[in-house]
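Below is work10.txt, holding compact mmCIF, C-alpha atoms.
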```txt
# COMPACT_ATOMS: atom_id res chain seq x y z
CA VAL A 1 97.58 93.81 83.94
CA LEU A 2 96.58 97.45 84.05
CA LEU A 3 100.18 98.58 83.75
CA HIS A 4 100.75 96.25 80.81
CA LEU A 5 97.62 97.52 79.02
CA VAL A 6 98.53 101.17 79.55
CA ARG A 7 102.08 100.53 78.30
CA GLU A 8 100.69 98.82 75.19
CA PHE A 9 98.90 102.08 74.42
CA ASP A 10 101.72 104.40 75.54
CA PRO A 11 105.02 102.75 76.53
CA ASN A 12 106.38 106.07 77.82
CA LYS A 13 103.45 106.85 80.12
CA LYS A 14 104.74 107.89 83.53
CA VAL A 15 104.14 105.25 86.20
CA ILE A 16 103.80 106.35 89.79
CA ILE A 17 104.06 103.77 92.54
CA PHE A 18 103.26 104.72 96.11
CA CYS A 19 105.49 102.86 98.55
CA TYR A 20 105.63 102.64 102.29
CA GLU A 21 108.54 101.89 104.58
CA LYS A 22 107.11 98.42 105.15
CA THR A 23 106.23 97.72 101.49
CA GLU A 24 109.11 95.32 100.85
CA LEU A 25 108.27 93.37 103.98
CA LEU A 26 104.75 92.67 102.70
CA ASP A 27 105.84 91.00 99.45
CA ASN A 28 108.52 91.07 96.77
CA TYR A 29 107.51 94.46 95.33
CA GLU A 30 111.04 95.70 94.55
CA GLU A 31 111.94 92.47 92.75
CA THR A 32 108.68 92.47 90.78
CA ILE A 33 108.98 96.14 89.77
CA ALA A 34 112.60 95.58 88.69
CA LYS A 35 111.42 92.97 86.15
CA TRP A 36 109.52 95.61 84.17
CA GLN A 37 111.77 96.92 81.43
CA GLY A 38 111.97 100.59 80.51
CA LEU A 39 109.45 101.99 82.98
CA ASN A 40 109.18 105.75 83.22
CA LEU A 41 108.90 105.23 86.96
CA GLU A 42 108.57 107.55 89.91
CA LYS A 43 108.31 106.09 93.40
CA ILE A 44 106.57 108.19 95.99
CA PHE A 45 107.33 107.20 99.55
CA VAL A 46 104.39 107.69 101.86
CA ASP A 47 105.33 108.42 105.44
CA LEU A 48 102.25 107.44 107.43
CA PRO A 49 102.12 105.66 110.77
CA ILE A 50 101.47 101.94 110.41
CA ILE A 51 98.06 102.43 112.02
CA SER A 52 96.46 105.65 110.91
CA SER A 53 93.05 107.15 110.22
CA PHE A 54 94.67 109.06 107.33
CA THR A 55 95.25 106.36 104.69
CA GLU A 56 96.42 106.07 101.11
CA ARG A 57 92.80 106.72 100.07
CA ASP A 58 93.32 110.21 101.49
CA PHE A 59 96.98 110.67 100.60
CA ILE A 60 97.03 109.67 96.93
CA PRO A 61 94.27 112.00 95.64
CA GLN A 62 95.70 114.87 97.66
CA TRP A 63 99.19 114.19 96.27
CA ALA A 64 97.83 113.92 92.70
CA LEU A 65 96.02 117.24 92.86
CA GLU A 66 98.99 119.02 94.46
CA ASN A 67 101.27 117.70 91.70
CA GLY A 68 99.14 118.64 88.71
CA TYR A 69 97.53 115.27 87.93
CA HIS A 70 93.87 115.26 86.99
CA ALA A 71 93.27 111.62 86.07
CA GLY A 72 94.63 108.21 86.79
CA PHE A 73 94.15 104.59 85.88
CA VAL A 74 92.99 102.36 88.72
CA GLY A 75 92.80 98.56 88.62
CA LEU A 76 89.48 98.25 90.45
CA ARG A 77 87.26 95.35 89.39
CA LYS A 78 83.61 94.69 90.27
CA GLU A 79 84.37 91.09 91.13
CA GLU A 80 86.85 91.97 93.93
CA SER A 81 84.32 93.00 96.57
CA ARG A 82 80.72 94.01 97.10
CA ALA A 83 81.78 97.61 97.75
CA ARG A 84 83.75 97.78 94.50
CA PHE A 85 80.86 96.19 92.61
CA LEU A 86 78.43 98.80 93.92
CA THR A 87 80.79 101.72 93.32
CA LEU A 88 81.67 100.67 89.77
CA ALA A 89 78.07 99.77 88.91
CA LYS A 90 76.95 103.21 90.06
CA TYR A 91 79.76 105.37 88.64
CA GLY A 92 81.17 103.32 85.77
CA ALA A 93 84.67 102.96 84.40
CA TYR A 94 85.20 106.69 83.92
CA TYR A 95 84.26 108.79 86.91
CA GLU A 96 84.98 112.34 88.00
CA CYS A 97 85.33 112.38 91.77
CA ALA A 98 84.06 115.25 93.92
CA ASN A 99 87.63 116.60 94.20
CA GLY A 100 87.91 116.88 90.40
CA LEU A 101 90.15 113.86 89.83
CA VAL A 102 89.07 111.45 87.12
CA ARG A 103 89.31 107.77 87.97
CA ILE A 104 89.60 105.44 84.97
CA CYS A 105 88.95 101.73 85.65
CA PRO A 106 89.31 99.80 82.37
CA LEU A 107 89.37 96.44 84.19
CA MET A 108 86.07 96.95 85.99
CA ASP A 109 84.28 94.07 84.24
CA TRP A 110 87.26 91.70 84.09
CA LYS A 111 86.92 88.43 85.99
CA THR A 112 89.77 86.86 87.93
CA ARG A 113 90.18 84.24 85.18
CA ASP A 114 90.59 87.06 82.63
CA VAL A 115 93.30 88.67 84.74
CA ALA A 116 95.08 85.34 85.30
CA THR A 117 94.91 84.43 81.61
CA TYR A 118 96.27 87.83 80.57
CA ILE A 119 99.12 87.58 83.09
CA LEU A 120 100.11 84.12 81.91
CA GLN A 121 99.76 84.90 78.19
CA ASN A 122 101.89 88.04 78.49
CA ASP A 123 104.39 86.73 81.05
CA ILE A 124 103.71 89.65 83.38
CA PRO A 125 105.85 89.84 86.54
CA THR A 126 103.76 89.01 89.61
CA LEU A 127 104.13 89.10 93.36
CA ASN A 128 104.99 85.96 95.32
CA THR A 129 101.56 86.13 96.98
CA TYR A 130 99.85 85.31 93.68
CA LYS A 131 102.24 82.45 93.00
CA VAL A 132 101.38 80.88 96.38
CA THR A 133 97.70 81.73 96.86
CA GLY A 134 96.46 82.28 93.31
CA PHE A 135 95.03 85.30 91.56
CA ASN A 136 91.88 85.50 93.71
CA THR A 137 93.89 87.10 96.51
CA ARG A 138 93.63 90.87 96.84
CA THR A 139 96.92 92.46 97.82
CA THR A 140 98.10 95.85 98.94
CA ASN A 141 101.56 97.29 99.38
CA SER A 142 100.58 98.74 102.76
CA VAL A 143 98.87 97.73 105.95
CA VAL A 144 98.23 101.40 106.76
CA SER A 145 94.56 101.48 107.67
CA GLU A 146 92.17 102.23 110.42
CA LYS A 147 90.25 99.04 109.58
CA ALA A 148 91.34 96.02 111.58
CA HIS A 149 90.01 93.49 109.06
CA ILE A 150 92.18 94.89 106.26
CA ILE A 151 95.31 94.74 108.41
CA SER A 152 94.43 91.26 109.68
CA LYS A 153 93.82 89.96 106.16
CA GLN A 154 97.10 91.33 104.82
CA LEU A 155 99.03 89.85 107.74
CA THR A 156 97.32 86.46 107.26
CA ILE A 157 98.34 86.45 103.59
CA LEU A 158 101.91 87.43 104.47
CA LYS A 159 102.17 84.70 107.11
CA LYS A 160 101.06 82.11 104.55
CA VAL A 161 103.31 83.39 101.77
CA ASP A 162 106.51 84.34 103.60
CA ILE A 163 106.80 83.58 107.30
CA LYS A 164 110.22 85.27 107.54
CA ARG A 165 108.88 88.60 106.26
CA TYR A 166 105.85 88.20 108.51
CA TYR A 167 108.00 88.03 111.64
CA GLU A 168 110.27 90.84 110.41
CA LEU A 169 107.22 93.05 110.02
CA LEU A 170 105.86 92.16 113.47
CA ASN A 171 109.25 92.73 115.07
CA LYS A 172 109.63 96.12 113.39
CA TYR A 173 106.03 97.18 114.10
CA PRO A 174 104.98 95.51 117.38
CA GLU A 175 101.63 97.35 117.32
CA LEU A 176 100.57 94.98 114.52
CA ARG A 177 100.51 92.08 117.00
CA ASN A 178 97.07 93.33 118.02
CA PHE A 179 95.75 92.24 114.61
CA VAL A 180 97.04 88.65 114.53
```
Can the structure in the file be given as structure tokens, please?
Amino acid sequence: VLLHLVREFDPNKKVIIFCYEKTELLDNYEETIAKWQGLNLEKIFVDLPIISSFTERDFIPQWALENGYHAGFVGLRKEESRARFLTLAKYGAYYECANGLVRICPLMDWKTRDVATYILQNDIPTLNTYKVTGFNTRTTNSVVSEKAHIISKQLTILKKVDIKRYYELLNKYPELRNFV
């Protein structure tokens, strides 16, 4: 939804997607991205160990600053979690982080039903996870995290959505078996 809204405002806006070696095993990201027409797209491949204390929360802001970016749109919504609610309630939709980056969250007050309605009305390409589990599911294109509950949740979703990819991921990264 965020990508669609930004492209409505500026169809040529550069889109940066951070990918991981295991991204395509987690869901049909490549297929979904390919359905977007005319994206000014740059994929950044993040080479982090599957279990790491240095996560995308650390990598992405560092990468942005090193590459001359000072602001970015983020699809955070208050409804997604208590932590996001508190953060967005405190800092708002437009927030300058301590490192100087500006985080813009135009969807912060959107409800899941708003997101789902917008997706359906605009025929936006979506991941298989949403087709199987609904739009309440939070997804990520990485299991890179030091937090066991995040990894466990993502693996549980994957097992429900695509058992073949689930076993491919576990076979490729045996250390993930500790989280299932």
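Of the residues listed (A:Asn28, A:Ala89, A:Ile163, A:Asn67), A:Asn28 shows the shortest atom-to-atom separation from A:Tyr130; distances use all atoms listed in the file.
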Would you pick out the contacts of A:Arg113 at 12 Å or less, using all atoms listed in the file, so that residues sharing its chain but fewer than 4 positions from it are not included, and give the list as number ranges by chain?
A: 79, 109, 117-121, 134-136
Give me a file of those residues, with C-alpha atoms, as a compact mmCIF listing (two decimals), in the frame of the given file.
```txt
# COMPACT_ATOMS: atom_id res chain seq x y z
CA GLU A 79 84.37 91.09 91.13
CA ASP A 109 84.28 94.07 84.24
CA THR A 117 94.91 84.43 81.61
CA TYR A 118 96.27 87.83 80.57
CA ILE A 119 99.12 87.58 83.09
CA LEU A 120 100.11 84.12 81.91
CA GLN A 121 99.76 84.90 78.19
CA GLY A 134 96.46 82.28 93.31
CA PHE A 135 95.03 85.30 91.56
CA ASN A 136 91.88 85.50 93.71
```
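Interatomic distance, atom CA of A:Leu169 against atom CA of A:Val1: 27.8 Å.
Relative to atom CA of A:Val15, atom CA of A:Leu39 is found at 7.0 Å.
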Neighbours of A:Gly72 within 8 Å (only C-alpha atoms; same-chain residues fewer than 6 positions away dropped), as a count of residues only?
4
